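Colleague: Contents of model15.cif (mmCIF, C-alpha atoms):
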data_query
loop_
_atom_site.group_PDB
_atom_site.id
_atom_site.type_symbol
_atom_site.label_atom_id
_atom_site.label_comp_id
_atom_site.auth_asym_id
_atom_site.auth_seq_id
_atom_site.Cartn_x
_atom_site.Cartn_y
_atom_site.Cartn_z
ATOM 1 C CA MET A 20 189.118 -43.844 -95.926
ATOM 2 C CA PHE A 21 185.758 -44.348 -97.604
ATOM 3 C CA ASP A 22 183.771 -44.785 -94.394
ATOM 4 C CA LEU A 23 180.036 -44.886 -95.177
ATOM 5 C CA THR A 24 178.805 -45.645 -91.661
ATOM 6 C CA GLY A 25 175.299 -44.282 -91.168
ATOM 7 C CA LYS A 26 174.748 -43.631 -94.873
ATOM 8 C CA LYS A 27 171.754 -45.096 -96.683
ATOM 9 C CA ALA A 28 172.131 -46.303 -100.236
ATOM 10 C CA LEU A 29 169.696 -47.431 -102.925
ATOM 11 C CA ILE A 30 171.224 -49.556 -105.669
ATOM 12 C CA THR A 31 169.026 -50.325 -108.669
ATOM 13 C CA GLY A 32 169.645 -53.507 -110.605
ATOM 14 C CA ALA A 33 171.286 -55.121 -107.585
ATOM 15 C CA SER A 34 170.384 -58.584 -108.854
ATOM 16 C CA GLY A 35 172.902 -58.185 -111.670
ATOM 17 C CA GLY A 36 176.641 -58.801 -111.419
ATOM 18 C CA ILE A 37 177.796 -55.196 -111.205
ATOM 19 C CA GLY A 38 174.881 -54.067 -109.016
ATOM 20 C CA ALA A 39 175.482 -56.859 -106.517
ATOM 21 C CA ALA A 40 179.192 -56.034 -106.320
ATOM 22 C CA ILE A 41 178.355 -52.352 -105.706
ATOM 23 C CA ALA A 42 175.878 -53.269 -102.964
ATOM 24 C CA LYS A 43 178.449 -55.519 -101.296
ATOM 25 C CA VAL A 44 181.224 -52.944 -101.262
ATOM 26 C CA LEU A 45 179.018 -50.079 -100.019
ATOM 27 C CA HIS A 46 177.662 -52.394 -97.330
ATOM 28 C CA ALA A 47 181.149 -53.549 -96.348
ATOM 29 C CA HIS A 48 182.101 -49.910 -95.810
ATOM 30 C CA GLY A 49 179.223 -49.337 -93.408
ATOM 31 C CA ALA A 50 176.258 -48.246 -95.532
ATOM 32 C CA THR A 51 172.737 -49.573 -95.095
ATOM 33 C CA VAL A 52 171.673 -50.772 -98.537
ATOM 34 C CA ALA A 53 168.326 -51.065 -100.306
ATOM 35 C CA LEU A 54 168.590 -53.656 -103.057
ATOM 36 C CA HIS A 55 166.368 -53.016 -106.036
ATOM 37 C CA GLY A 56 165.793 -55.437 -108.886
ATOM 38 C CA THR A 57 163.187 -57.562 -110.553
ATOM 39 C CA LYS A 58 164.511 -60.987 -109.525
ATOM 40 C CA VAL A 59 163.250 -61.117 -105.959
ATOM 41 C CA GLU A 60 164.830 -64.470 -105.101
ATOM 42 C CA THR A 61 168.276 -63.280 -106.153
ATOM 43 C CA LEU A 62 167.817 -60.096 -104.117
ATOM 44 C CA ASN A 63 166.662 -62.017 -101.052
ATOM 45 C CA ALA A 64 169.698 -64.271 -101.298
ATOM 46 C CA LEU A 65 171.996 -61.252 -101.522
ATOM 47 C CA ALA A 66 170.262 -59.594 -98.556
ATOM 48 C CA ALA A 67 170.645 -62.793 -96.543
ATOM 49 C CA GLU A 68 174.321 -62.951 -97.435
ATOM 50 C CA LEU A 69 174.840 -59.352 -96.324
ATOM 51 C CA GLY A 70 172.908 -59.850 -93.076
ATOM 52 C CA GLU A 71 172.075 -56.680 -91.166
ATOM 53 C CA ARG A 72 171.669 -53.324 -92.908
ATOM 54 C CA ALA A 73 170.218 -54.797 -96.125
ATOM 55 C CA VAL A 74 166.639 -54.564 -97.414
ATOM 56 C CA VAL A 75 164.970 -55.651 -100.646
ATOM 57 C CA VAL A 76 162.806 -53.277 -102.719
ATOM 58 C CA PRO A 77 161.615 -54.828 -105.992
ATOM 59 C CA ALA A 78 160.056 -52.674 -108.737
ATOM 60 C CA ASN A 79 159.582 -52.536 -112.482
ATOM 61 C CA LEU A 80 161.506 -49.467 -113.617
ATOM 62 C CA SER A 81 159.715 -49.185 -116.944
ATOM 63 C CA ASP A 82 156.565 -48.213 -115.036
ATOM 64 C CA ALA A 83 156.641 -44.544 -113.936
ATOM 65 C CA SER A 84 154.352 -45.046 -110.959
ATOM 66 C CA GLN A 85 156.429 -47.970 -109.710
ATOM 67 C CA VAL A 86 159.554 -45.799 -109.869
ATOM 68 C CA GLU A 87 157.906 -43.122 -107.709
ATOM 69 C CA GLU A 88 156.750 -45.837 -105.354
ATOM 70 C CA LEU A 89 160.258 -47.323 -105.222
ATOM 71 C CA ALA A 90 161.683 -44.043 -103.945
ATOM 72 C CA LYS A 91 159.155 -44.037 -101.110
ATOM 73 C CA GLN A 92 159.538 -47.736 -100.360
ATOM 74 C CA ALA A 93 163.306 -47.466 -100.199
ATOM 75 C CA GLU A 94 163.158 -44.583 -97.718
ATOM 76 C CA ALA A 95 160.618 -46.432 -95.597
ATOM 77 C CA ALA A 96 162.635 -49.670 -95.635
ATOM 78 C CA LEU A 97 165.908 -47.880 -94.917
ATOM 79 C CA GLY A 98 164.317 -45.898 -92.104
ATOM 80 C CA GLY A 99 165.306 -42.533 -93.563
ATOM 81 C CA GLY A 100 166.310 -40.587 -96.624
ATOM 82 C CA VAL A 101 168.505 -42.065 -99.313
ATOM 83 C CA ASP A 102 171.985 -40.485 -99.202
ATOM 84 C CA ILE A 103 173.530 -42.477 -102.029
ATOM 85 C CA LEU A 104 171.592 -43.349 -105.179
ATOM 86 C CA VAL A 105 173.263 -45.707 -107.621
ATOM 87 C CA ASN A 106 171.402 -45.806 -110.928
ATOM 88 C CA ASN A 107 172.768 -49.105 -112.121
ATOM 89 C CA ALA A 108 169.780 -50.944 -113.574
ATOM 90 C CA GLY A 109 170.052 -51.385 -117.295
ATOM 91 C CA LEU A 110 169.030 -53.644 -120.115
ATOM 92 C CA THR A 111 169.971 -54.208 -123.723
ATOM 93 C CA ARG A 112 167.789 -54.782 -126.787
ATOM 94 C CA ASP A 113 170.499 -54.969 -129.420
ATOM 95 C CA GLY A 114 169.920 -54.845 -133.142
ATOM 96 C CA LEU A 115 170.871 -52.941 -136.243
ATOM 97 C CA VAL A 116 168.982 -49.679 -136.652
ATOM 98 C CA LEU A 117 167.314 -50.931 -139.818
ATOM 99 C CA ARG A 118 165.732 -53.755 -137.858
ATOM 100 C CA MET A 119 165.180 -52.034 -134.535
ATOM 101 C CA LYS A 120 161.596 -51.692 -133.379
ATOM 102 C CA ASP A 121 160.318 -48.580 -131.597
ATOM 103 C CA GLU A 122 159.659 -50.763 -128.607
ATOM 104 C CA ASP A 123 163.320 -51.872 -128.439
ATOM 105 C CA TRP A 124 164.337 -48.233 -128.462
ATOM 106 C CA SER A 125 161.881 -47.004 -125.857
ATOM 107 C CA SER A 126 162.211 -49.880 -123.411
ATOM 108 C CA VAL A 127 165.974 -49.307 -123.202
ATOM 109 C CA ILE A 128 165.629 -45.523 -122.832
ATOM 110 C CA ASP A 129 162.880 -45.923 -120.213
ATOM 111 C CA VAL A 130 164.822 -48.223 -117.915
ATOM 112 C CA ASN A 131 168.404 -47.053 -118.491
ATOM 113 C CA LEU A 132 167.806 -43.310 -118.599
ATOM 114 C CA THR A 133 164.309 -42.175 -117.607
ATOM 115 C CA ALA A 134 164.098 -44.288 -114.440
ATOM 116 C CA GLY A 135 167.358 -42.724 -113.254
ATOM 117 C CA PHE A 136 165.945 -39.267 -113.871
ATOM 118 C CA ARG A 137 162.770 -40.059 -111.957
ATOM 119 C CA LEU A 138 164.611 -41.581 -109.006
ATOM 120 C CA SER A 139 167.048 -38.674 -108.868
ATOM 121 C CA ARG A 140 164.177 -36.191 -108.875
ATOM 122 C CA ALA A 141 162.344 -38.044 -106.128
ATOM 123 C CA LEU A 142 165.350 -38.429 -103.833
ATOM 124 C CA LEU A 143 167.080 -35.084 -104.417
ATOM 125 C CA LYS A 144 164.861 -33.062 -102.100
ATOM 126 C CA GLY A 145 166.028 -34.978 -99.072
ATOM 127 C CA MET A 146 169.667 -34.860 -100.148
ATOM 128 C CA MET A 147 169.485 -31.092 -100.605
ATOM 129 C CA LYS A 148 167.834 -30.649 -97.259
ATOM 130 C CA ARG A 149 170.468 -32.745 -95.518
ATOM 131 C CA ARG A 150 173.204 -30.982 -97.470
ATOM 132 C CA TRP A 151 174.767 -34.290 -98.443
ATOM 133 C CA GLY A 152 174.063 -36.583 -101.356
ATOM 134 C CA ARG A 153 175.620 -38.786 -103.994
ATOM 135 C CA ILE A 154 174.027 -39.749 -107.269
ATOM 136 C CA ILE A 155 176.081 -42.193 -109.288
ATOM 137 C CA GLY A 156 175.049 -43.421 -112.712
ATOM 138 C CA ILE A 157 176.482 -46.584 -114.174
ATOM 139 C CA THR A 158 176.910 -45.660 -117.805
ATOM 140 C CA SER A 159 179.059 -47.481 -120.350
ATOM 141 C CA VAL A 160 182.083 -47.003 -122.565
ATOM 142 C CA VAL A 161 179.740 -47.330 -125.547
ATOM 143 C CA GLY A 162 177.897 -44.206 -124.406
ATOM 144 C CA VAL A 163 181.059 -42.343 -125.385
ATOM 145 C CA THR A 164 182.480 -44.452 -128.206
ATOM 146 C CA GLY A 165 179.311 -45.900 -129.750
ATOM 147 C CA ASN A 166 178.923 -49.510 -130.781
ATOM 148 C CA PRO A 167 177.194 -50.968 -133.834
ATOM 149 C CA GLY A 168 173.975 -52.762 -132.956
ATOM 150 C CA GLN A 169 173.478 -50.687 -129.835
ATOM 151 C CA VAL A 170 172.052 -47.328 -130.877
ATOM 152 C CA ASN A 171 169.424 -47.506 -128.142
ATOM 153 C CA TYR A 172 171.859 -48.600 -125.424
ATOM 154 C CA ALA A 173 174.559 -46.120 -126.487
ATOM 155 C CA ALA A 174 171.996 -43.295 -126.574
ATOM 156 C CA SER A 175 170.707 -44.168 -123.106
ATOM 157 C CA LYS A 176 174.227 -44.254 -121.675
ATOM 158 C CA ALA A 177 175.331 -41.029 -123.372
ATOM 159 C CA GLY A 178 172.097 -39.480 -122.114
ATOM 160 C CA MET A 179 172.976 -40.474 -118.595
ATOM 161 C CA ILE A 180 176.323 -38.686 -118.842
ATOM 162 C CA GLY A 181 174.694 -35.488 -120.119
ATOM 163 C CA MET A 182 171.969 -35.652 -117.505
ATOM 164 C CA SER A 183 174.544 -36.104 -114.743
ATOM 165 C CA LYS A 184 176.565 -33.094 -115.881
ATOM 166 C CA ALA A 185 173.489 -30.855 -115.951
ATOM 167 C CA LEU A 186 172.196 -32.089 -112.611
ATOM 168 C CA ALA A 187 175.667 -31.795 -111.065
ATOM 169 C CA GLN A 188 175.618 -28.070 -111.864
ATOM 170 C CA GLU A 189 172.156 -27.619 -110.378
ATOM 171 C CA VAL A 190 172.916 -29.113 -106.983
ATOM 172 C CA ALA A 191 176.674 -28.733 -106.427
ATOM 173 C CA SER A 192 176.156 -25.859 -103.961
ATOM 174 C CA ARG A 193 174.152 -28.222 -101.732
ATOM 175 C CA ASN A 194 176.992 -30.719 -101.394
ATOM 176 C CA VAL A 195 175.238 -33.191 -103.645
ATOM 177 C CA THR A 196 177.570 -34.663 -106.243
ATOM 178 C CA VAL A 197 176.452 -36.355 -109.435
ATOM 179 C CA ASN A 198 178.881 -38.568 -111.316
ATOM 180 C CA CYS A 199 179.050 -41.546 -113.631
ATOM 181 C CA VAL A 200 181.125 -44.680 -113.773
ATOM 182 C CA ALA A 201 181.632 -46.043 -117.268
ATOM 183 C CA PRO A 202 182.521 -49.726 -117.343
ATOM 184 C CA GLY A 203 184.212 -51.234 -120.367
ATOM 185 C CA MET A 204 183.869 -54.966 -120.979
ATOM 186 C CA ILE A 205 182.949 -56.585 -117.678
ATOM 187 C CA ALA A 206 182.358 -60.281 -117.116
ATOM 188 C CA THR A 207 178.634 -60.456 -116.297
ATOM 189 C CA ALA A 208 175.479 -62.094 -117.608
ATOM 190 C CA MET A 209 175.116 -59.179 -120.012
ATOM 191 C CA THR A 210 178.424 -59.962 -121.738
ATOM 192 C CA ASP A 211 178.077 -63.757 -121.455
ATOM 193 C CA VAL A 212 175.644 -63.702 -124.363
ATOM 194 C CA LEU A 213 178.344 -62.555 -126.793
ATOM 195 C CA ASN A 214 179.796 -65.299 -128.970
ATOM 196 C CA ASP A 215 183.474 -66.291 -128.863
ATOM 197 C CA ALA A 216 184.364 -64.321 -131.955
ATOM 198 C CA GLN A 217 182.804 -61.176 -130.457
ATOM 199 C CA LYS A 218 184.598 -61.734 -127.165
ATOM 200 C CA GLU A 219 187.888 -62.307 -128.968
ATOM 201 C CA ALA A 220 187.429 -59.077 -130.897
ATOM 202 C CA MET A 221 186.750 -57.181 -127.674
ATOM 203 C CA HIS A 222 189.752 -58.753 -125.956
ATOM 204 C CA SER A 223 192.096 -57.629 -128.674
ATOM 205 C CA ARG A 224 191.014 -54.034 -128.039
ATOM 206 C CA ILE A 225 191.692 -54.086 -124.294
ATOM 207 C CA PRO A 226 195.289 -53.184 -123.352
ATOM 208 C CA ALA A 227 194.844 -54.864 -119.972
ATOM 209 C CA ALA A 228 194.106 -58.043 -121.974
ATOM 210 C CA ARG A 229 191.279 -59.226 -119.749
ATOM 211 C CA LEU A 230 187.648 -58.522 -119.039
ATOM 212 C CA GLY A 231 186.980 -56.363 -116.020
ATOM 213 C CA SER A 232 185.316 -57.726 -112.908
ATOM 214 C CA PRO A 233 182.232 -56.288 -111.205
ATOM 215 C CA GLU A 234 184.513 -55.470 -108.255
ATOM 216 C CA ASP A 235 186.637 -53.235 -110.503
ATOM 217 C CA ILE A 236 183.523 -51.155 -111.104
ATOM 218 C CA ALA A 237 182.301 -51.266 -107.513
ATOM 219 C CA ALA A 238 185.591 -49.766 -106.305
ATOM 220 C CA GLY A 239 184.995 -46.701 -108.461
ATOM 221 C CA VAL A 240 181.471 -46.336 -107.127
ATOM 222 C CA LEU A 241 182.740 -46.604 -103.547
ATOM 223 C CA TYR A 242 185.178 -43.772 -104.169
ATOM 224 C CA LEU A 243 182.546 -41.494 -105.710
ATOM 225 C CA ALA A 244 180.124 -42.282 -102.856
ATOM 226 C CA SER A 245 182.658 -41.365 -100.185
ATOM 227 C CA ASP A 246 183.320 -38.103 -98.375
ATOM 228 C CA GLU A 247 186.771 -38.156 -99.923
ATOM 229 C CA ALA A 248 185.207 -37.523 -103.359
ATOM 230 C CA ALA A 249 183.250 -34.463 -102.190
ATOM 231 C CA TYR A 250 185.011 -32.222 -104.730
ATOM 232 C CA VAL A 251 184.386 -34.537 -107.681
ATOM 233 C CA THR A 252 181.193 -33.797 -109.573
ATOM 234 C CA GLY A 253 179.886 -33.972 -113.135
ATOM 235 C CA GLN A 254 182.607 -36.467 -113.987
ATOM 236 C CA THR A 255 182.678 -39.826 -115.676
ATOM 237 C CA LEU A 256 185.159 -42.328 -114.309
ATOM 238 C CA HIS A 257 186.124 -44.767 -117.052
ATOM 239 C CA ILE A 258 187.003 -48.233 -115.779
ATOM 240 C CA ASN A 259 187.848 -50.244 -118.861
ATOM 241 C CA GLY A 260 191.357 -51.668 -118.777
ATOM 242 C CA GLY A 261 192.483 -48.994 -121.188
ATOM 243 C CA MET A 262 189.972 -49.995 -123.862
ATOM 244 C CA ALA A 263 189.126 -46.357 -124.493
ATOM 245 C CA MET A 264 191.210 -43.489 -123.145
ATOM 246 C CA ILE A 265 188.921 -40.488 -123.041
ATOM 247 C CA MET B 19 152.566 -8.965 -88.447
ATOM 248 C CA SER B 20 150.454 -12.084 -88.449
ATOM 249 C CA ASP B 21 151.637 -15.392 -87.098
ATOM 250 C CA VAL B 22 152.068 -16.729 -90.648
ATOM 251 C CA ALA B 23 154.182 -13.735 -91.601
ATOM 252 C CA GLU B 24 156.405 -14.198 -88.557
ATOM 253 C CA ARG B 25 156.999 -17.858 -89.354
ATOM 254 C CA VAL B 26 157.661 -17.129 -93.027
ATOM 255 C CA LYS B 27 160.120 -14.437 -92.065
ATOM 256 C CA LYS B 28 161.944 -16.757 -89.695
ATOM 257 C CA ILE B 29 162.339 -19.405 -92.415
ATOM 258 C CA VAL B 30 163.626 -16.840 -94.902
ATOM 259 C CA VAL B 31 166.136 -15.426 -92.425
ATOM 260 C CA GLU B 32 167.399 -18.874 -91.502
ATOM 261 C CA HIS B 33 167.531 -20.207 -95.019
ATOM 262 C CA LEU B 34 169.020 -17.268 -96.858
ATOM 263 C CA GLY B 35 171.137 -16.025 -93.979
ATOM 264 C CA VAL B 36 169.939 -12.442 -94.389
ATOM 265 C CA GLU B 37 169.324 -9.771 -91.744
ATOM 266 C CA GLU B 38 165.830 -9.728 -90.321
ATOM 267 C CA GLY B 39 165.372 -6.065 -91.189
ATOM 268 C CA LYS B 40 165.755 -6.821 -94.882
ATOM 269 C CA VAL B 41 162.901 -9.310 -94.916
ATOM 270 C CA THR B 42 160.092 -6.835 -95.521
ATOM 271 C CA GLU B 43 156.732 -7.777 -97.000
ATOM 272 C CA ALA B 44 157.673 -6.408 -100.393
ATOM 273 C CA ALA B 45 161.132 -7.981 -100.484
ATOM 274 C CA SER B 46 161.743 -10.168 -103.527
ATOM 275 C CA PHE B 47 163.586 -13.385 -102.711
ATOM 276 C CA ILE B 48 165.775 -13.152 -105.773
ATOM 277 C CA ASP B 49 166.164 -9.410 -106.370
ATOM 278 C CA ASP B 50 166.371 -8.173 -102.781
ATOM 279 C CA LEU B 51 167.438 -11.133 -100.685
ATOM 280 C CA GLY B 52 170.022 -12.728 -102.985
ATOM 281 C CA ALA B 53 168.283 -16.066 -103.485
ATOM 282 C CA ASP B 54 169.094 -18.167 -106.525
ATOM 283 C CA SER B 55 166.542 -20.353 -108.293
ATOM 284 C CA LEU B 56 167.463 -23.376 -106.195
ATOM 285 C CA ASP B 57 166.983 -21.317 -103.007
ATOM 286 C CA THR B 58 163.429 -20.490 -104.080
ATOM 287 C CA VAL B 59 162.682 -24.198 -104.564
ATOM 288 C CA GLU B 60 164.103 -24.917 -101.114
ATOM 289 C CA LEU B 61 162.103 -22.085 -99.546
ATOM 290 C CA VAL B 62 158.911 -23.530 -100.995
ATOM 291 C CA MET B 63 159.877 -26.950 -99.602
ATOM 292 C CA ALA B 64 160.480 -25.360 -96.197
ATOM 293 C CA PHE B 65 157.107 -23.567 -96.292
ATOM 294 C CA GLU B 66 155.377 -26.829 -97.172
ATOM 295 C CA GLU B 67 156.957 -28.511 -94.190
ATOM 296 C CA GLU B 68 156.404 -25.681 -91.713
ATOM 297 C CA PHE B 69 152.735 -25.214 -92.571
ATOM 298 C CA GLY B 70 151.837 -28.784 -93.540
ATOM 299 C CA ILE B 71 150.530 -27.732 -96.941
ATOM 300 C CA GLU B 72 151.291 -28.587 -100.538
ATOM 301 C CA ILE B 73 152.370 -25.844 -102.881
ATOM 302 C CA PRO B 74 151.886 -26.951 -106.485
ATOM 303 C CA ASP B 75 154.514 -25.961 -109.070
ATOM 304 C CA ASP B 76 152.306 -23.407 -110.835
ATOM 305 C CA ALA B 77 151.602 -21.661 -107.526
ATOM 306 C CA ALA B 78 155.241 -21.862 -106.461
ATOM 307 C CA GLU B 79 156.302 -20.032 -109.606
ATOM 308 C CA LYS B 80 154.194 -17.043 -108.552
ATOM 309 C CA ILE B 81 155.682 -16.806 -105.069
ATOM 310 C CA LEU B 82 158.313 -14.158 -105.677
ATOM 311 C CA THR B 83 158.119 -11.995 -102.559
ATOM 312 C CA VAL B 84 157.613 -12.461 -98.835
ATOM 313 C CA LYS B 85 154.064 -11.131 -99.237
ATOM 314 C CA ASP B 86 153.326 -13.633 -102.036
ATOM 315 C CA ALA B 87 154.317 -16.464 -99.704
ATOM 316 C CA VAL B 88 152.301 -15.135 -96.767
ATOM 317 C CA ASP B 89 149.223 -14.579 -98.932
ATOM 318 C CA PHE B 90 149.370 -18.026 -100.479
ATOM 319 C CA ILE B 91 149.855 -19.791 -97.164
ATOM 320 C CA THR B 92 147.086 -17.753 -95.513
ATOM 321 C CA SER B 93 144.679 -18.611 -98.339
ATOM 322 C CA LYS B 94 145.473 -22.295 -97.890
ATOM 323 C CA GLN B 95 144.824 -22.124 -94.178
ATOM 324 C CA ALA B 96 141.541 -20.242 -94.429
#
Represent the structure contained in this file as structure tokens.
Modeller:
Amino acid sequence: MFDLTGKKALITGASGGIGAAIAKVLHAHGATVALHGTKVETLNALAAELGERAVVVPANLSDASQVEELAKQAEAALGGGVDILVNNAGLTRDGLVLRMKDEDWSSVIDVNLTAGFRLSRALLKGMMKRRWGRIIGITSVVGVTGNPGQVNYAASKAGMIGMSKALAQEVASRNVTVNCVAPGMIATAMTDVLNDAQKEAMHSRIPAARLGSPEDIAAGVLYLASDEAAYVTGQTLHINGGMAMI
Amino acid sequence: MSDVAERVKKIVVEHLGVEEGKVTEAASFIDDLGADSLDTVELVMAFEEEFGIEIPDDAAEKILTVKDAVDFITSKQA
């Protein structure tokens, strides 16, 4: 099950906790992986750890031309078209609406949503031609439930779900599936910044009574990337310990 | 039929899986040959590859029939 031998994957934000776990699991199941991120040293270390079938492709996703370039670089470094695109890169610029600057809004939308659109557009042609492709967006539980202080982040993640559903309908007949994975509270650098009271409050809302691990998320991505999930498209797989049952 | 027309016809037959006889000059990809909008995008991609040309979006929108495709490609090659 879940054999990805010969498949080529691009994972954005692979220097983060969830992105790295996704890269590792896809690689372990046979895929050749292109690791995107902004922290080159972290990416190089991950590539070294993985050994063969791993390349590093840094880029700033808030820059449209760099995103276009990334698509080309990834295909050149992988030695062929990208079969599996994981739009995982994301950032937060939290704040109450009344205090949120335009820049906080647009930088989150640009990286979390628009970059995924641009990469999908650039890599779709090849997937359609090869009659096989997987586009997987890492969204968030807050894209569905909302969260105070995160209007920009929640909007970007809800946008990703809507975009995936529309795109899934466009390309389903070409055996290209488009899905999302929606993590709940996962132990990563992004959630480390929360204070104890915030963490405690989150904990009390999770029936599984623990934070998720990046590997919990990566397992869902592996499934959606596999041949076994060929009939799953336009869906959002919620991995959140029961925090929200949607 | 010109060489360009022959090659265009071959691509259309292969891609849309239609009988050769149906691919006349006047045949519309969508109305006569059963293409959907995604098929037309893929046909344009296939033409670009076959003839080593670029077909911009505004030109692609006007390629509705076999003749449209042949004319556009011929004009690019001239």
Colleague: Expanded to explicit residues, what is the PyMOL selection byres ((chain B) within 9 of (chain A)) for this file, as a list in words?
Modeller: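 Written out, the selection comes to Leu56, Glu60 and Met63 of chain B.
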Colleague: Give me, please, the distance in Å between atom CA of B:Val84 and atom CA of B:Val36, quoted to one decimal.
Modeller: 13.1 Å
Colleague: Would you write out, as a list of chain:residue names, every residue that the PyMOL selection byres ((chain A and resi 223-227) around 9) captures in this file?
Modeller: A:Gly203, A:Met204, A:Lys218, A:Glu219, A:Ala220, A:Met221, A:His222, A:Ala228, A:Arg229, A:Leu230, A:Gly231, A:Asn259, A:Gly260, A:Gly261, A:Met262, A:Ala263
Colleague: How would the residues just chosen look if you wrote them out with C-alpha atoms as a compact mmCIF listing (two decimals), keeping the file's coordinate frame?
Modeller:
# COMPACT_ATOMS: atom_id res chain seq x y z
CA GLY A 203 184.21 -51.23 -120.37
CA MET A 204 183.87 -54.97 -120.98
CA LYS A 218 184.60 -61.73 -127.16
CA GLU A 219 187.89 -62.31 -128.97
CA ALA A 220 187.43 -59.08 -130.90
CA MET A 221 186.75 -57.18 -127.67
CA HIS A 222 189.75 -58.75 -125.96
CA ALA A 228 194.11 -58.04 -121.97
CA ARG A 229 191.28 -59.23 -119.75
CA LEU A 230 187.65 -58.52 -119.04
CA GLY A 231 186.98 -56.36 -116.02
CA ASN A 259 187.85 -50.24 -118.86
CA GLY A 260 191.36 -51.67 -118.78
CA GLY A 261 192.48 -48.99 -121.19
CA MET A 262 189.97 -50.00 -123.86
CA ALA A 263 189.13 -46.36 -124.49
Colleague: Enumerate, as a list in words, the residues matched when the PyMOL selection byres ((chain A and resi 191) around 12) is run on the file above.
Modeller: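 When the PyMOL selection byres ((chain A and resi 191) around 12) is applied, the selected residues are Leu143, Met146, Met147, Arg150, Trp151, Gly152, Arg153, Ile154, Ser183, Lys184, Ala185, Leu186, Ala187, Gln188, Glu189, Val190, Ser192, Arg193, Asn194, Val195, Thr196, Val197, Asn198, Ala249, Tyr250, Val251, Thr252 and Gly253 of chain A; Leu56 of chain B.
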Colleague: As a ChimeraX atom specification, please: the residues near B:Ala78 (cut-off 9 Å, all atoms listed in the file, same-chain neighbours under 6 positions excluded).
Modeller: /B:58-59,62,87
Colleague: Could you work out how far atom CA of B:Leu61 lies from atom CA of B:Glu32, giving the answer in Å with one decimal?
Modeller: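 Distance reported for this atom pair: 10.2 Å.
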Colleague: What's the separation between atom CA of A:Ile37 and atom CA of A:Ile236, in Å to one decimal place?
Modeller: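 Atom CA of A:Ile236 lies 7.0 Å from atom CA of A:Ile37.
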Colleague: With all atoms listed in the file as the atoms that count, which of B:Glu24, B:Asp50, B:Ile29, B:Leu34 lies nearest to B:Thr83?
Modeller: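 Looking only at the distances to B:Thr83, the closest residue turns out to be B:Asp50.
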Colleague: Name the residues within 9 Å of (160.3, -13.8, -110.8), counting only C-alpha atoms in the file's coordinates, and put them as a short mmCIF file (atom, residue, chain, number, x, y, z; two decimals) with C-alpha atoms, in the frame of the given file.
Modeller:
data_model
loop_
_atom_site.label_atom_id
_atom_site.label_comp_id
_atom_site.auth_asym_id
_atom_site.auth_seq_id
_atom_site.Cartn_x
_atom_site.Cartn_y
_atom_site.Cartn_z
CA SER B 46 161.74 -10.17 -103.53
CA PHE B 47 163.59 -13.38 -102.71
CA ILE B 48 165.78 -13.15 -105.77
CA ASP B 49 166.16 -9.41 -106.37
CA GLU B 79 156.30 -20.03 -109.61
CA LYS B 80 154.19 -17.04 -108.55
CA ILE B 81 155.68 -16.81 -105.07
CA LEU B 82 158.31 -14.16 -105.68
CA THR B 83 158.12 -12.00 -102.56
#
Colleague: N, CA, C and O atoms are what I want for stretch 234-241 of chain A; can you complete it accordingly and write them as a PDB file, keeping the file's coordinate frame?
Modeller:
ATOM      1  N   GLU A 234     183.846 -56.141-109.380  1.00  0.00           N
ATOM      2  CA  GLU A 234     184.513 -55.470-108.255  1.00  0.00           C
ATOM      3  C   GLU A 234     185.354 -54.283-108.730  1.00  0.00           C
ATOM      4  O   GLU A 234     185.535 -53.303-107.999  1.00  0.00           O
ATOM      5  N   ASP A 235     185.886 -54.376-109.955  1.00  0.00           N
ATOM      6  CA  ASP A 235     186.637 -53.235-110.503  1.00  0.00           C
ATOM      7  C   ASP A 235     185.735 -52.002-110.593  1.00  0.00           C
ATOM      8  O   ASP A 235     186.166 -50.868-110.347  1.00  0.00           O
ATOM      9  N   ILE A 236     184.483 -52.251-110.968  1.00  0.00           N
ATOM     10  CA  ILE A 236     183.523 -51.155-111.104  1.00  0.00           C
ATOM     11  C   ILE A 236     183.071 -50.659-109.741  1.00  0.00           C
ATOM     12  O   ILE A 236     182.990 -49.458-109.477  1.00  0.00           O
ATOM     13  N   ALA A 237     182.794 -51.613-108.847  1.00  0.00           N
ATOM     14  CA  ALA A 237     182.301 -51.266-107.513  1.00  0.00           C
ATOM     15  C   ALA A 237     183.289 -50.370-106.763  1.00  0.00           C
ATOM     16  O   ALA A 237     182.886 -49.470-106.024  1.00  0.00           O
ATOM     17  N   ALA A 238     184.581 -50.586-106.980  1.00  0.00           N
ATOM     18  CA  ALA A 238     185.591 -49.766-106.305  1.00  0.00           C
ATOM     19  C   ALA A 238     185.475 -48.303-106.715  1.00  0.00           C
ATOM     20  O   ALA A 238     185.646 -47.392-105.894  1.00  0.00           O
ATOM     21  N   GLY A 239     185.180 -48.074-107.986  1.00  0.00           N
ATOM     22  CA  GLY A 239     184.995 -46.701-108.461  1.00  0.00           C
ATOM     23  C   GLY A 239     183.763 -46.061-107.849  1.00  0.00           C
ATOM     24  O   GLY A 239     183.769 -44.880-107.483  1.00  0.00           O
ATOM     25  N   VAL A 240     182.714 -46.844-107.724  1.00  0.00           N
ATOM     26  CA  VAL A 240     181.471 -46.336-107.127  1.00  0.00           C
ATOM     27  C   VAL A 240     181.713 -45.985-105.655  1.00  0.00           C
ATOM     28  O   VAL A 240     181.266 -44.942-105.167  1.00  0.00           O
ATOM     29  N   LEU A 241     182.430 -46.856-104.961  1.00  0.00           N
ATOM     30  CA  LEU A 241     182.740 -46.604-103.547  1.00  0.00           C
ATOM     31  C   LEU A 241     183.463 -45.266-103.394  1.00  0.00           C
ATOM     32  O   LEU A 241     183.123 -44.458-102.527  1.00  0.00           O
TER      33      LEU A 241
END
